[in-house]
Amino acid sequence: MLNNQSMLLFVDIFLLSTSIGLLIPTTVLFIECSVALLSTSSEARDTEVPQPRIAVLIPAHDEASVIGVTLETLLPQLTTQDQLLVIADNCTDETAAIARKFGATVIERQDLERRGKGYALDYGLNFLQTDPPDVVVLVDADCIVEQGTVKRIAYVAATQGKPVQATYLMQQPANPSPKDSVSSLAFMVKNLVRPSGLARLGLPGLLTGSGMAFPWSVIRQAPLASGNIVEDMQLGLDLAIAGHPTLFCQDTKVIGILPQQEEAAKGQRTRWEHGHLQTLLTQVPRLTKASLAQRRFDLLALALDLSVPPLSLLVMIWLAATGLALLAGIWGATWIPLSLLAIAGVLILVSIVGAWAKFGRAEISAVTLLTIPFYILWKIPLYLAFLVQRQTKWIRTDRDVVDAR
């Protein structure tokens, strides 16, 4: 009898801790999404002032199939005082030649030992050192940059003296599967909805990838030369701790395209999410410690934002915990954890459905929401791999041909 009571006490403590632990990220998710839903005003545009000198850097590794469209969207946004620099990094195709045909300055880098976007960007900054611009804009080689985006984020970076992240979204491929649609929705929640909520609260966000602008004085001191598989996210955290938190610029847009090839899609998601989880585990404690040491609430807010795992994993953990709490309650344990988990489930549901209704309904059908359970099942091996064989090295995603539309 004593052993049974002891076991129930252990189960109660475990499930209470788990349910409270889940309430933290789900509450953060709910607050961010809810505040974003309340936003109806557009950001003010101050474009009738002298613009800073801009250098657009494009790291490119075997991007011959896509870089032409990217350059076509960028060139009309630059003036004669600006510079377009392509870093052809360990290329074995025609990337450099194509970029030169478009009039870009091209530098080529060969270093098979130190591979990755961070090393390429550091190489590009070293090239600019002799005549530095006011603002550096970083764009991936497989993206479409909407008109006005470069000018806008460069202006904000120059006037505010902080890094700026444009809205970076993923466009579904020509013949999207339900999995593509759900992935696009998850990307939208992460890169548009949640950052919008944080911005409305006056809090910084994360660097999410392509479409980033930095004052030269800020980016030149940043630790870029690394093979981190989520180098953009890590860069934003390093700069925030150093006193340069990222601003989100919602009224801009950079669009990437989800890969159609199954293996390419799987590889891309593995790199993103393994990197996200590794960063969550290592940087949340670091941010929390820095927030206490520097007495800065914005760093604590960043730690809380980063503590929200990828949505698929969050739902997986919630489902597993809810199932255990239900079984434990039937066995005789307290029902409090199940009640807390029910609240967490409602917060997740309202956050996702609300984000879809406000921001994604025009492009993502309601039927897509019904396929989310199948998407989660597809992701299970990815998260199990993080436990037994996590990805730690940068691997380029195979490209589909980009069509500017």
# chains A, B, ... in the order shown; residues from 1 in each chain; ligands from 1

call {"tool": "residues_around", "arguments": {"residues": "Thr246 of chain A", "least_positions_apart": "4", "cutoff": "9 Å", "atoms": "only C-alpha atoms", "output": "JSON list (two decimals) with C-alpha atoms, in the first residue's frame"}}
result
[["chain", "number", "residue", "atom", "x", "y", "z"],
["A", 162, "LYS", "CA", 19.75, 47.88, -34.61],
["A", 163, "PRO", "CA", 19.42, 44.70, -36.66],
["A", 164, "VAL", "CA", 16.18, 44.40, -38.62],
["A", 165, "GLN", "CA", 14.36, 41.29, -39.82],
["A", 203, "LEU", "CA", 9.85, 43.55, -27.59],
["A", 204, "PRO", "CA", 12.62, 42.27, -29.86],
["A", 205, "GLY", "CA", 12.40, 39.13, -31.95],
["A", 206, "LEU", "CA", 14.67, 36.55, -33.50],
["A", 207, "LEU", "CA", 16.56, 36.71, -36.75],
["A", 236, "GLY", "CA", 20.42, 37.44, -33.41],
["A", 237, "LEU", "CA", 20.84, 36.09, -29.89],
["A", 239, "LEU", "CA", 23.74, 40.58, -30.89],
["A", 240, "ALA", "CA", 20.83, 40.92, -28.45]]

call {"tool": "select_by_dssp", "arguments": {"residues": "segment 102-252 of chain A", "states": "helix (DSSP H, G or I)", "output": "PyMOL selection string"}}
result
chain A and resi 117-128+149-160+178-200+216-219+231-241

call {"tool": "residues_around", "arguments": {"residues": "Trp331 of chain A", "least_positions_apart": "4", "cutoff": "9 Å", "atoms": "only C-alpha atoms", "output": "ChimeraX atom specification"}}
result
/A:8,326-327

call {"tool": "write_last_selection", "arguments": {"atoms": "N, CA and C atoms", "output": "mmCIF file, in the first residue's frame"}}
result
data_model
loop_
_atom_site.group_PDB
_atom_site.id
_atom_site.type_symbol
_atom_site.label_atom_id
_atom_site.label_comp_id
_atom_site.auth_asym_id
_atom_site.auth_seq_id
_atom_site.Cartn_x
_atom_site.Cartn_y
_atom_site.Cartn_z
ATOM 1 N N LEU A 8 2.100 6.848 -6.685
ATOM 2 C CA LEU A 8 1.127 7.871 -7.072
ATOM 3 C C LEU A 8 1.663 9.277 -6.784
ATOM 4 N N LEU A 326 -4.360 11.384 -18.288
ATOM 5 C CA LEU A 326 -5.659 10.713 -18.282
ATOM 6 C C LEU A 326 -5.549 9.318 -17.668
ATOM 7 N N LEU A 327 -4.541 8.568 -18.082
ATOM 8 C CA LEU A 327 -4.338 7.229 -17.534
ATOM 9 C C LEU A 327 -4.032 7.288 -16.043
#

call {"tool": "select_by_dssp", "arguments": {"residues": "segment 138-340 of chain A", "states": "strand (DSSP E)", "output": "PDB file with C-alpha atoms, in the first residue's frame"}}
result
ATOM      1  CA  LEU A 138      21.719  39.761 -46.125  1.00  0.00           C
ATOM      2  CA  ILE A 144      12.205  36.644 -54.022  1.00  0.00           C
ATOM      3  CA  VAL A 145      12.544  40.060 -52.378  1.00  0.00           C
ATOM      4  CA  VAL A 164      16.176  44.402 -38.617  1.00  0.00           C
ATOM      5  CA  GLN A 165      14.362  41.292 -39.817  1.00  0.00           C
ATOM      6  CA  ALA A 166      11.954  41.457 -42.752  1.00  0.00           C
ATOM      7  CA  THR A 167       8.931  39.188 -42.953  1.00  0.00           C
ATOM      8  CA  TYR A 168      10.388  35.957 -44.322  1.00  0.00           C
ATOM      9  CA  LEU A 169       7.807  33.450 -45.530  1.00  0.00           C
ATOM     10  CA  MET A 170       7.769  30.211 -47.463  1.00  0.00           C
ATOM     11  CA  GLN A 171       5.709  29.917 -50.634  1.00  0.00           C
ATOM     12  CA  MET A 212      18.122  40.915 -42.556  1.00  0.00           C
ATOM     13  CA  ALA A 213      19.631  44.412 -42.310  1.00  0.00           C
ATOM     14  CA  PHE A 214      22.436  45.544 -40.007  1.00  0.00           C
ATOM     15  CA  PRO A 215      24.236  48.816 -39.380  1.00  0.00           C
ATOM     16  CA  LEU A 247      13.553  44.789 -34.714  1.00  0.00           C
ATOM     17  CA  PHE A 248      10.826  43.169 -36.821  1.00  0.00           C
ATOM     18  CA  CYS A 249       9.624  44.986 -39.942  1.00  0.00           C
ATOM     19  CA  GLN A 250       6.239  43.474 -40.793  1.00  0.00           C
ATOM     20  CA  ASP A 251       5.460  45.614 -43.842  1.00  0.00           C
ATOM     21  CA  THR A 252       8.192  43.964 -45.916  1.00  0.00           C
ATOM     22  CA  LYS A 253       8.412  40.538 -47.480  1.00  0.00           C
ATOM     23  CA  VAL A 254      11.022  38.037 -48.570  1.00  0.00           C
ATOM     24  CA  ILE A 255       9.734  34.770 -50.008  1.00  0.00           C
ATOM     25  CA  GLY A 256      11.462  31.419 -50.208  1.00  0.00           C
ATOM     26  CA  ILE A 257       9.999  28.280 -51.745  1.00  0.00           C
TER      27      ILE A 257
END

call {"tool": "closest_atom_pairs", "arguments": {"of": "segment 96-194 of chain A", "to": "segment 370-391 of chain A", "cutoff": "7 Å", "atoms": "only C-alpha atoms", "output": "Markdown table"}}
result
| residue | atom | partner | partner_atom | distance |
| --- | --- | --- | --- | --- |
| A:Pro178 | CA | A:Thr371 | CA | 6.5 |
| A:Lys179 | CA | A:Tyr375 | CA | 5.8 |
| A:Val182 | CA | A:Ile372 | CA | 6.4 |

call {"tool": "closest_residue", "arguments": {"among": "A:Glu94, A:Leu313, A:Leu281, A:Asp89", "to": "Glu113 of chain A", "atoms": "only C-alpha atoms"}}
result
A:Asp89

call {"tool": "closest_residue", "arguments": {"among": "A:Gly148, A:Pro337, A:Pro50, A:Pro133", "to": "Thr18 of chain A", "atoms": "only C-alpha atoms"}}
result
A:Pro337

call {"tool": "closest_atom_pairs", "arguments": {"of": "segment 191-294 of chain A", "to": "segment 346-365 of chain A", "cutoff": "10 Å", "atoms": "only C-alpha atoms", "output": "JSON lines"}}
result
{"residue": "A:Leu192", "atom": "CA", "partner": "A:Phe359", "partner_atom": "CA", "distance": 8.5}
{"residue": "A:Val193", "atom": "CA", "partner": "A:Ala355", "partner_atom": "CA", "distance": 6.6}
{"residue": "A:Arg194", "atom": "CA", "partner": "A:Ala355", "partner_atom": "CA", "distance": 9.0}

call {"tool": "residues_around", "arguments": {"residues": "Leu258 of chain A", "least_positions_apart": "3", "cutoff": "8 Å", "atoms": "only C-alpha atoms", "output": "PyMOL selection string"}}
result
chain A and resi 170-173+180+184+265

call {"tool": "closest_residue", "arguments": {"among": "A:Leu311, A:Ala303, A:Ala154, A:Leu38", "to": "Ser291 of chain A", "atoms": "only C-alpha atoms"}}
result
A:Ala303

call {"tool": "atom_distance", "arguments": {"atom1": "atom CA of Leu287 of chain A", "atom2": "atom CA of Ser307 of chain A"}}
result
10.6 Å

call {"tool": "residues_around", "arguments": {"residues": "Ala36 of chain A", "least_positions_apart": "4", "cutoff": "8 Å", "atoms": "only C-alpha atoms", "output": "PyMOL selection string"}}
result
chain A and resi 32+193-194+196-198+200

call {"tool": "write_last_selection", "arguments": {"atoms": "C-alpha atoms", "output": "short mmCIF file (atom, residue, chain, number, x, y, z; two decimals), in the first residue's frame"}}
result
data_model
loop_
_atom_site.label_atom_id
_atom_site.label_comp_id
_atom_site.auth_asym_id
_atom_site.auth_seq_id
_atom_site.Cartn_x
_atom_site.Cartn_y
_atom_site.Cartn_z
CA GLU A 32 2.22 36.48 -29.05
CA VAL A 193 2.53 36.06 -36.48
CA ARG A 194 4.67 35.62 -33.38
CA SER A 196 4.31 40.71 -35.05
CA GLY A 197 2.94 40.11 -31.56
CA LEU A 198 6.32 40.73 -29.96
CA ARG A 200 3.41 45.23 -30.90
#

call {"tool": "residues_around", "arguments": {"residues": "segment 107-112 of chain A", "least_positions_apart": "2", "cutoff": "8 Å", "atoms": "only C-alpha atoms", "output": "PyMOL selection string"}}
result
chain A and resi 85-91+96+105+114-115+120+123-124

call {"tool": "atom_distance", "arguments": {"atom1": "atom CA of Leu9 of chain A", "atom2": "atom CA of Thr27 of chain A"}}
result
26.7 Å

call {"tool": "residues_around", "arguments": {"residues": "Lys101 of chain A", "least_positions_apart": "3", "cutoff": "12 Å", "atoms": "only C-alpha atoms", "output": "JSON, numbers by chain"}}
result
{"A": [64, 67, 68, 71, 72, 86, 94, 95, 96, 97, 98, 104, 105, 106]}

call {"tool": "write_last_selection", "arguments": {"atoms": "N, CA and C atoms", "output": "compact mmCIF listing (two decimals), in the first residue's frame"}}
result
# COMPACT_ATOMS: atom_id res chain seq x y z
N ALA A 64 23.01 28.08 -59.21
CA ALA A 64 22.81 28.51 -60.59
C ALA A 64 21.36 28.44 -61.03
N ILE A 67 19.57 31.71 -58.62
CA ILE A 67 20.10 33.03 -58.26
C ILE A 67 19.70 34.12 -59.25
N GLY A 68 19.43 33.77 -60.49
CA GLY A 68 19.04 34.78 -61.47
C GLY A 68 17.76 35.49 -61.09
N LEU A 71 18.37 37.88 -58.14
CA LEU A 71 19.03 39.12 -58.56
C LEU A 71 18.06 40.03 -59.32
N GLU A 72 17.18 39.46 -60.10
CA GLU A 72 16.19 40.26 -60.83
C GLU A 72 15.28 41.04 -59.88
N VAL A 86 27.86 39.06 -54.40
CA VAL A 86 27.58 37.63 -54.32
C VAL A 86 28.85 36.91 -53.89
N GLU A 94 27.61 27.17 -62.32
CA GLU A 94 27.75 28.46 -62.98
C GLU A 94 27.25 29.64 -62.15
N THR A 95 27.16 29.47 -60.85
CA THR A 95 26.64 30.53 -59.99
C THR A 95 27.37 31.85 -60.20
N ALA A 96 28.70 31.82 -60.16
CA ALA A 96 29.49 33.06 -60.27
C ALA A 96 29.28 33.72 -61.63
N ALA A 97 29.29 32.93 -62.70
CA ALA A 97 29.14 33.49 -64.04
C ALA A 97 27.76 34.13 -64.22
N ILE A 98 26.73 33.48 -63.73
CA ILE A 98 25.37 34.04 -63.84
C ILE A 98 25.26 35.35 -63.07
N ALA A 104 26.35 41.90 -60.79
CA ALA A 104 26.75 41.83 -59.39
C ALA A 104 28.28 41.71 -59.29
N THR A 105 28.81 42.23 -58.20
CA THR A 105 30.21 41.97 -57.87
C THR A 105 30.28 40.57 -57.28
N VAL A 106 31.20 39.76 -57.78
CA VAL A 106 31.28 38.37 -57.33
C VAL A 106 32.67 38.09 -56.77

call {"tool": "closest_residue", "arguments": {"among": "A:Leu319, A:Ala99, A:Val230, A:Ile20", "to": "Ala141 of chain A", "atoms": "only C-alpha atoms"}}
result
A:Ala99

call {"tool": "atom_distance", "arguments": {"atom1": "atom CA of Asp232 of chain A", "atom2": "atom CA of Gly275 of chain A"}}
result
10.5 Å
